[in-house]
Amino acid sequence: MMAALILACSVVFLLQFFVSYCRSLIAASAKHDLSAEVLDVTGLSRNTSGEDFARVVQLLLLCPDRPDDRSEVRAVGAYFRLLSFVRATLARIVPSAQAWIERERAQCTYFAAVTLDRRIAFSRDLLAQQIEA
Amino acid sequence: MSGLAAFVILSVGTLLEALVVVCAVRRKLFRRYFFLNLYMILCAFASLGRWQVLKQEGLKSLSYRYFYFYSDAVLTIALFFGLISLYMFVFEEMKLERYFRLGAVVLLAGTCWFSYAVVSQSSHKMLTYFAFELSQNLYFVGLVLTYVLWAAILKLRETRTLLVQLVLSLGVFFGASAATYSVSNLHPTLFSYVHNLMPIMGCLLPLSWAYAFWRVPDDARLTPARLAVVPR
């Protein structure tokens with residue numbers, strides 16, 4: 001009985017902390033303006049949509065990896081999958097959650113686009129360093 | 001999980017734990033977050049001990065399991081004090097350190113007593129289950145305390161990004177650990193799977209703390225109310 005209670009509470013708290021943690025990662029990218037180049041490459045408009053997330057992540061994977069954003073991308077990817085799961089299940093029963101989920105999914109896409117922007121800048125710096133050397 | 005995989009996971013965990021301390025020292029945050037760093041140092045030593053026992057006795061040996069769960073119980077107590085140190089940061093202007101210390105000791109003693117009371121009902125398995133029960137209960141108490149701390153952060157409008165990320169990742173770790181222990185308690189047949197999952201989860205906390213110490217500037221600020229699941 002005690003273990004069941006602990007399990008139920010732990011899962012609820014865990015989800016809350018996980019969502020807040022991912023939102024804290026995404027919040028840092030919200031202030032960053034996307035470059036015209038990234039908007040062009042990804043075909044995104046200023047208002048991103050959750051539907052573009054997979055495409056932006058695919059572009060992200062084509063870029064040389066930056067070790068310091070790898071764990072962020074994984075955490076936000078897991079958050080996006082969680083949101084998509086909730087959208088496909090719970091949001092059908094609670095339609096009011098739909099708008100919130102869509103907003104969150106769009107922010108995940110924006111985060112991925114900002115990361116892409118940073119990776120492109122990183123690759124360009126690397127190339128410049130190699131040319132100088 | 002094979003012995004090799006266990007070695008790899010232990011090694012990754014140890015490296016990440018060392019990385020947290022290195023990042024904190026580099027950023028001159030070691031003394032400021034002393035209890036969190038102390039926990040990471042203890043974790044690294046425990047991992048080295050586990051590595052040694054794993055090498056000598058093997059993954060499925062009783063010695064390894066005893067060593068794993070007893071060292072985990074000790075580490076959980078250390079993390080408990082790390083959590084209390086985060087409380088002191090959030091409430092530092094209120095000068096409540098003495099009360100937090102006293103409360104932490106009382107809560108810790110109460111959890112130990114409760115775990116003993118539960119386990120003593122099956123006294124023939126006392127030694128086997130005490131560490132397991134204590135860890136489960138301490139993780140749960142830690143989770144509840146982290147939740148209360150998160151509520152205080154939202155209420156007091158604490159904006160330090162580093163502190164917020166440390167607290168949130170601690171909450172994720174406590175939640176995942178408490179859930180894993182309780183699943184194993186509910187279905188003992190799942191113990192072997194759970195036992196394999198725990199070292200993997202043990203890598204999550206050093207990973208997120210290393211990230212926070214490495215990347216998040218000390219003066220970075222955010223609005224915690226925007227992070228809450230239920231908008232405030």
# chains A, B, ... in the order shown; residues from 1 in each chain; ligands from 1
>>> closest_atom_pairs(of="chain A", to="chain B", cutoff="8 Å", atoms="only C-alpha atoms", output="CSV")
residue,atom,partner,partner_atom,distance
A:Ala3,CA,B:Ser182,CA,4.9
A:Ala4,CA,B:Leu186,CA,6.8
A:Ile6,CA,B:Ser182,CA,6.5
A:Leu7,CA,B:Ala179,CA,4.8
A:Ala8,CA,B:Ala179,CA,7.8
A:Ser10,CA,B:Gly175,CA,4.9
A:Val11,CA,B:Ala179,CA,6.3
A:Phe13,CA,B:Gly175,CA,6.3
A:Leu14,CA,B:Gly175,CA,4.6
A:Leu15,CA,B:Val172,CA,7.8
A:Gln16,CA,B:Val229,CA,6.5
A:Phe17,CA,B:Val172,CA,5.5
A:Phe18,CA,B:Val172,CA,5.8
A:Val19,CA,B:Val229,CA,6.8
A:Ser20,CA,B:Leu227,CA,5.0
A:Tyr21,CA,B:Leu168,CA,5.5
A:Arg23,CA,B:Leu227,CA,5.5
A:Ser24,CA,B:Leu227,CA,6.2
A:Ala27,CA,B:Leu222,CA,7.6
A:Ala28,CA,B:Leu222,CA,7.9
A:Asp68,CA,B:Tyr211,CA,7.6
A:Ser71,CA,B:Leu207,CA,8.0
>>> residues_around(residues="Leu29 (chain B)", least_positions_apart="6", cutoff="12 Å", atoms="only C-alpha atoms", output="PyMOL selection string")
chain B and resi 20-23+35-37+162-163+210+212-214+216-218
>>> write_last_selection(atoms="N, CA and C atoms", output="PDB file, in the first residue's frame")
ATOM      1  N   VAL B  20      31.231  17.267 -12.655  1.00  0.00           N
ATOM      2  CA  VAL B  20      30.456  18.256 -11.880  1.00  0.00           C
ATOM      3  C   VAL B  20      31.400  19.042 -10.971  1.00  0.00           C
ATOM      4  N   VAL B  21      32.267  18.298 -10.265  1.00  0.00           N
ATOM      5  CA  VAL B  21      33.179  18.951  -9.310  1.00  0.00           C
ATOM      6  C   VAL B  21      34.167  19.852 -10.070  1.00  0.00           C
ATOM      7  N   VAL B  22      34.682  19.345 -11.195  1.00  0.00           N
ATOM      8  CA  VAL B  22      35.631  20.140 -11.992  1.00  0.00           C
ATOM      9  C   VAL B  22      34.979  21.433 -12.477  1.00  0.00           C
ATOM     10  N   CYS B  23      33.739  21.301 -13.001  1.00  0.00           N
ATOM     11  CA  CYS B  23      33.028  22.489 -13.504  1.00  0.00           C
ATOM     12  C   CYS B  23      32.786  23.486 -12.371  1.00  0.00           C
ATOM     13  N   PHE B  35      27.830  21.345  -0.355  1.00  0.00           N
ATOM     14  CA  PHE B  35      27.178  20.067  -0.054  1.00  0.00           C
ATOM     15  C   PHE B  35      26.824  19.283  -1.323  1.00  0.00           C
ATOM     16  N   LEU B  36      26.506  20.000  -2.398  1.00  0.00           N
ATOM     17  CA  LEU B  36      26.213  19.313  -3.662  1.00  0.00           C
ATOM     18  C   LEU B  36      27.497  18.695  -4.214  1.00  0.00           C
ATOM     19  N   ASN B  37      28.594  19.448  -4.094  1.00  0.00           N
ATOM     20  CA  ASN B  37      29.880  18.933  -4.569  1.00  0.00           C
ATOM     21  C   ASN B  37      30.373  17.788  -3.686  1.00  0.00           C
ATOM     22  N   LEU B 162      20.600  29.166 -12.369  1.00  0.00           N
ATOM     23  CA  LEU B 162      21.421  28.040 -11.917  1.00  0.00           C
ATOM     24  C   LEU B 162      20.737  27.300 -10.766  1.00  0.00           C
ATOM     25  N   LEU B 163      20.253  28.065  -9.802  1.00  0.00           N
ATOM     26  CA  LEU B 163      19.591  27.462  -8.644  1.00  0.00           C
ATOM     27  C   LEU B 163      18.325  26.723  -9.086  1.00  0.00           C
ATOM     28  N   ALA B 210      26.266  18.898 -14.150  1.00  0.00           N
ATOM     29  CA  ALA B 210      27.470  19.285 -14.901  1.00  0.00           C
ATOM     30  C   ALA B 210      27.086  20.320 -15.957  1.00  0.00           C
ATOM     31  N   ALA B 212      24.522  22.349 -15.824  1.00  0.00           N
ATOM     32  CA  ALA B 212      24.176  23.616 -15.158  1.00  0.00           C
ATOM     33  C   ALA B 212      25.440  24.371 -14.739  1.00  0.00           C
ATOM     34  N   PHE B 213      26.404  23.678 -14.147  1.00  0.00           N
ATOM     35  CA  PHE B 213      27.628  24.359 -13.689  1.00  0.00           C
ATOM     36  C   PHE B 213      28.481  24.825 -14.870  1.00  0.00           C
ATOM     37  N   TRP B 214      28.384  24.078 -15.962  1.00  0.00           N
ATOM     38  CA  TRP B 214      29.225  24.377 -17.117  1.00  0.00           C
ATOM     39  C   TRP B 214      28.664  25.535 -17.946  1.00  0.00           C
ATOM     40  N   VAL B 216      25.375  27.372 -17.476  1.00  0.00           N
ATOM     41  CA  VAL B 216      24.487  28.451 -17.018  1.00  0.00           C
ATOM     42  C   VAL B 216      25.307  29.523 -16.287  1.00  0.00           C
ATOM     43  N   PRO B 217      25.324  30.755 -16.805  1.00  0.00           N
ATOM     44  CA  PRO B 217      26.083  31.811 -16.122  1.00  0.00           C
ATOM     45  C   PRO B 217      25.514  32.082 -14.730  1.00  0.00           C
ATOM     46  N   ASP B 218      26.408  32.477 -13.826  1.00  0.00           N
ATOM     47  CA  ASP B 218      25.995  32.692 -12.435  1.00  0.00           C
ATOM     48  C   ASP B 218      24.950  33.798 -12.315  1.00  0.00           C
TER      49      ASP B 218
END
>>> residues_around(residues="Met40 (chain B)", least_positions_apart="4", cutoff="12 Å", atoms="only C-alpha atoms", output="mmCIF file with C-alpha atoms, in the first residue's frame")
data_model
loop_
_atom_site.group_PDB
_atom_site.id
_atom_site.type_symbol
_atom_site.label_atom_id
_atom_site.label_comp_id
_atom_site.auth_asym_id
_atom_site.auth_seq_id
_atom_site.Cartn_x
_atom_site.Cartn_y
_atom_site.Cartn_z
ATOM 1 C CA GLY B 13 28.705 7.876 -14.016
ATOM 2 C CA THR B 14 32.062 8.335 -12.263
ATOM 3 C CA LEU B 15 33.334 10.609 -15.047
ATOM 4 C CA LEU B 16 30.192 12.733 -14.914
ATOM 5 C CA GLU B 17 30.423 13.012 -11.118
ATOM 6 C CA ALA B 18 34.038 14.163 -11.429
ATOM 7 C CA LEU B 19 32.992 16.575 -14.187
ATOM 8 C CA VAL B 20 30.456 18.256 -11.880
ATOM 9 C CA VAL B 21 33.179 18.951 -9.310
ATOM 10 C CA VAL B 22 35.631 20.140 -11.992
ATOM 11 C CA CYS B 23 33.028 22.489 -13.504
ATOM 12 C CA ALA B 24 32.140 23.857 -10.055
ATOM 13 C CA PHE B 30 32.710 24.767 -5.234
ATOM 14 C CA TYR B 33 27.528 24.684 -3.481
ATOM 15 C CA PHE B 34 29.724 22.728 -1.089
ATOM 16 C CA PHE B 35 27.178 20.067 -0.054
ATOM 17 C CA LEU B 36 26.213 19.313 -3.662
ATOM 18 C CA ALA B 44 32.601 9.152 -7.254
ATOM 19 C CA PHE B 45 34.193 7.247 -4.351
ATOM 20 C CA ALA B 46 31.156 4.963 -4.071
ATOM 21 C CA SER B 47 31.371 4.299 -7.835
ATOM 22 C CA LEU B 75 24.630 8.676 -0.576
ATOM 23 C CA THR B 76 20.926 9.424 -0.213
ATOM 24 C CA ALA B 78 24.352 13.022 1.805
ATOM 25 C CA LEU B 79 22.010 14.198 -0.948
ATOM 26 C CA GLY B 82 22.569 18.802 -0.223
ATOM 27 C CA GLY B 202 22.343 7.603 -11.360
ATOM 28 C CA CYS B 203 24.013 9.247 -14.386
ATOM 29 C CA LEU B 205 21.789 13.909 -11.902
ATOM 30 C CA PRO B 206 25.538 14.448 -12.525
ATOM 31 C CA LEU B 207 24.753 15.007 -16.215
ATOM 32 C CA TRP B 209 24.343 19.350 -12.759
ATOM 33 C CA ALA B 210 27.470 19.285 -14.901
#
>>> residues_around(residues="region 55-59 of chain A", least_positions_apart="2", cutoff="12 Å", atoms="only C-alpha atoms", output="ChimeraX atom specification")
/A:38-44,48-53,61-65,70,73-74,76-77,80,106,108-117,119-120
>>> write_last_selection(atoms="N, CA and C atoms", output="mmCIF file, in the first residue's frame")
data_model
loop_
_atom_site.group_PDB
_atom_site.id
_atom_site.type_symbol
_atom_site.label_atom_id
_atom_site.label_comp_id
_atom_site.auth_asym_id
_atom_site.auth_seq_id
_atom_site.Cartn_x
_atom_site.Cartn_y
_atom_site.Cartn_z
ATOM 1 N N VAL A 38 18.796 30.713 -41.027
ATOM 2 C CA VAL A 38 18.102 29.545 -40.463
ATOM 3 C C VAL A 38 16.632 29.540 -40.880
ATOM 4 N N LEU A 39 16.026 30.705 -40.881
ATOM 5 C CA LEU A 39 14.627 30.783 -41.316
ATOM 6 C C LEU A 39 14.505 30.304 -42.763
ATOM 7 N N ASP A 40 15.505 30.650 -43.549
ATOM 8 C CA ASP A 40 15.516 30.265 -44.950
ATOM 9 C C ASP A 40 15.733 28.755 -45.113
ATOM 10 N N VAL A 41 16.725 28.237 -44.409
ATOM 11 C CA VAL A 41 17.072 26.806 -44.520
ATOM 12 C C VAL A 41 15.932 25.923 -44.034
ATOM 13 N N THR A 42 15.333 26.310 -42.905
ATOM 14 C CA THR A 42 14.306 25.454 -42.313
ATOM 15 C C THR A 42 12.920 25.698 -42.912
ATOM 16 N N GLY A 43 12.776 26.846 -43.565
ATOM 17 C CA GLY A 43 11.454 27.177 -44.126
ATOM 18 C C GLY A 43 10.472 27.582 -43.043
ATOM 19 N N LEU A 44 11.013 27.965 -41.864
ATOM 20 C CA LEU A 44 10.120 28.360 -40.766
ATOM 21 C C LEU A 44 9.712 29.814 -40.930
ATOM 22 N N THR A 48 6.682 29.530 -35.089
ATOM 23 C CA THR A 48 6.999 28.121 -35.361
ATOM 24 C C THR A 48 5.802 27.240 -35.020
ATOM 25 N N SER A 49 5.871 26.010 -35.533
ATOM 26 C CA SER A 49 4.800 25.052 -35.247
ATOM 27 C C SER A 49 5.427 23.713 -34.836
ATOM 28 N N GLY A 50 4.697 22.979 -34.037
ATOM 29 C CA GLY A 50 5.189 21.680 -33.581
ATOM 30 C C GLY A 50 5.409 20.699 -34.718
ATOM 31 N N GLU A 51 4.683 20.917 -35.815
ATOM 32 C CA GLU A 51 4.785 19.996 -36.957
ATOM 33 C C GLU A 51 6.182 20.048 -37.599
ATOM 34 N N ASP A 52 6.888 21.156 -37.389
ATOM 35 C CA ASP A 52 8.208 21.321 -38.020
ATOM 36 C C ASP A 52 9.340 20.720 -37.187
ATOM 37 N N PHE A 53 9.033 20.256 -35.985
ATOM 38 C CA PHE A 53 10.090 19.822 -35.073
ATOM 39 C C PHE A 53 10.970 18.725 -35.680
ATOM 40 N N LEU A 61 20.786 17.282 -37.015
ATOM 41 C CA LEU A 61 21.657 16.096 -36.997
ATOM 42 C C LEU A 61 22.672 16.113 -38.145
ATOM 43 N N LEU A 62 22.373 16.900 -39.173
ATOM 44 C CA LEU A 62 23.312 17.003 -40.300
ATOM 45 C C LEU A 62 24.509 17.894 -39.957
ATOM 46 N N CYS A 63 24.297 18.759 -38.953
ATOM 47 C CA CYS A 63 25.366 19.699 -38.573
ATOM 48 C C CYS A 63 26.378 19.021 -37.661
ATOM 49 N N PRO A 64 27.638 19.465 -37.689
ATOM 50 C CA PRO A 64 28.614 18.923 -36.737
ATOM 51 C C PRO A 64 28.143 19.141 -35.297
ATOM 52 N N ASP A 65 28.338 18.109 -34.509
ATOM 53 C CA ASP A 65 27.839 18.074 -33.138
ATOM 54 C C ASP A 65 28.587 19.054 -32.240
ATOM 55 N N ARG A 70 24.315 18.687 -26.570
ATOM 56 C CA ARG A 70 23.789 17.344 -26.848
ATOM 57 C C ARG A 70 22.714 16.927 -25.827
ATOM 58 N N VAL A 73 19.417 18.843 -26.239
ATOM 59 C CA VAL A 73 18.611 18.408 -27.385
ATOM 60 C C VAL A 73 17.884 17.104 -27.038
ATOM 61 N N ARG A 74 18.586 16.195 -26.347
ATOM 62 C CA ARG A 74 17.944 14.930 -25.967
ATOM 63 C C ARG A 74 16.781 15.161 -25.003
ATOM 64 N N VAL A 76 14.984 17.883 -24.551
ATOM 65 C CA VAL A 76 13.847 18.550 -25.206
ATOM 66 C C VAL A 76 13.173 17.594 -26.199
ATOM 67 N N GLY A 77 13.952 16.722 -26.835
ATOM 68 C CA GLY A 77 13.372 15.697 -27.723
ATOM 69 C C GLY A 77 12.437 14.773 -26.945
ATOM 70 N N PHE A 80 9.310 16.672 -26.167
ATOM 71 C CA PHE A 80 8.447 16.781 -27.345
ATOM 72 C C PHE A 80 7.659 15.477 -27.546
ATOM 73 N N ALA A 106 5.429 24.057 -30.269
ATOM 74 C CA ALA A 106 6.013 25.117 -31.101
ATOM 75 C C ALA A 106 7.291 25.651 -30.454
ATOM 76 N N CYS A 108 9.296 23.951 -28.571
ATOM 77 C CA CYS A 108 10.333 22.918 -28.771
ATOM 78 C C CYS A 108 10.977 23.112 -30.153
ATOM 79 N N THR A 109 10.140 23.401 -31.155
ATOM 80 C CA THR A 109 10.654 23.626 -32.514
ATOM 81 C C THR A 109 11.557 24.856 -32.531
ATOM 82 N N TYR A 110 11.119 25.898 -31.825
ATOM 83 C CA TYR A 110 11.923 27.132 -31.784
ATOM 84 C C TYR A 110 13.280 26.838 -31.133
ATOM 85 N N PHE A 111 13.242 26.046 -30.071
ATOM 86 C CA PHE A 111 14.485 25.670 -29.381
ATOM 87 C C PHE A 111 15.420 24.928 -30.355
ATOM 88 N N ALA A 112 14.845 23.974 -31.121
ATOM 89 C CA ALA A 112 15.664 23.194 -32.069
ATOM 90 C C ALA A 112 16.255 24.125 -33.138
ATOM 91 N N ALA A 113 15.452 25.110 -33.579
ATOM 92 C CA ALA A 113 15.946 26.051 -34.600
ATOM 93 C C ALA A 113 17.075 26.923 -34.043
ATOM 94 N N VAL A 114 16.940 27.347 -32.782
ATOM 95 C CA VAL A 114 18.005 28.149 -32.153
ATOM 96 C C VAL A 114 19.280 27.312 -32.042
ATOM 97 N N THR A 115 19.118 26.047 -31.669
ATOM 98 C CA THR A 115 20.292 25.155 -31.562
ATOM 99 C C THR A 115 20.946 24.979 -32.929
ATOM 100 N N LEU A 116 20.111 24.860 -33.967
ATOM 101 C CA LEU A 116 20.632 24.744 -35.332
ATOM 102 C C LEU A 116 21.434 25.998 -35.688
ATOM 103 N N ASP A 117 20.873 27.145 -35.346
ATOM 104 C CA ASP A 117 21.541 28.425 -35.596
ATOM 105 C C ASP A 117 22.922 28.440 -34.933
ATOM 106 N N ARG A 119 24.718 25.845 -34.008
ATOM 107 C CA ARG A 119 25.619 24.851 -34.610
ATOM 108 C C ARG A 119 26.201 25.358 -35.933
ATOM 109 N N ILE A 120 25.361 26.067 -36.682
ATOM 110 C CA ILE A 120 25.859 26.629 -37.958
ATOM 111 C C ILE A 120 26.965 27.646 -37.660
#
>>> select_by_dssp(residues="region 22-230 of chain B", states="alpha helix (DSSP H)", output="PyMOL selection string")
chain B and resi 22-26+34-57+62-90+97-119+126-156+161-186+191-202+204-215
>>> residues_around(residues="region 53-67 of chain B", least_positions_apart="5", cutoff="9 Å", atoms="only C-alpha atoms", output="VMD selection string")
chain B and resid 1 to 3 6 to 7 48 72 128 131 195
>>> write_last_selection(atoms="C-alpha atoms", output="PDB file, in the first residue's frame")
ATOM      1  CA  MET B   1      22.655  -6.309 -18.404  1.00  0.00           C
ATOM      2  CA  SER B   2      26.100  -7.785 -18.938  1.00  0.00           C
ATOM      3  CA  GLY B   3      29.074  -7.150 -16.673  1.00  0.00           C
ATOM      4  CA  ALA B   6      27.650  -2.374 -15.957  1.00  0.00           C
ATOM      5  CA  PHE B   7      31.331  -1.384 -16.064  1.00  0.00           C
ATOM      6  CA  LEU B  48      35.026   3.368  -7.484  1.00  0.00           C
ATOM      7  CA  ASP B  72      23.214   4.146  -2.018  1.00  0.00           C
ATOM      8  CA  THR B 128      18.730  -7.240   3.483  1.00  0.00           C
ATOM      9  CA  ALA B 131      19.030  -0.178   3.274  1.00  0.00           C
ATOM     10  CA  HIS B 195      18.654  -3.125 -10.258  1.00  0.00           C
TER      11      HIS B 195
END
>>> atom_distance(atom1="CA of Leu108 (chain B)", atom2="CA of Asn196 (chain B)")
27.2 Å
>>> atom_distance(atom1="CA of Gln107 (chain A)", atom2="CA of Thr89 (chain A)")
20.4 Å
>>> atom_distance(atom1="CA of Pro95 (chain A)", atom2="CA of Arg81 (chain A)")
18.7 Å
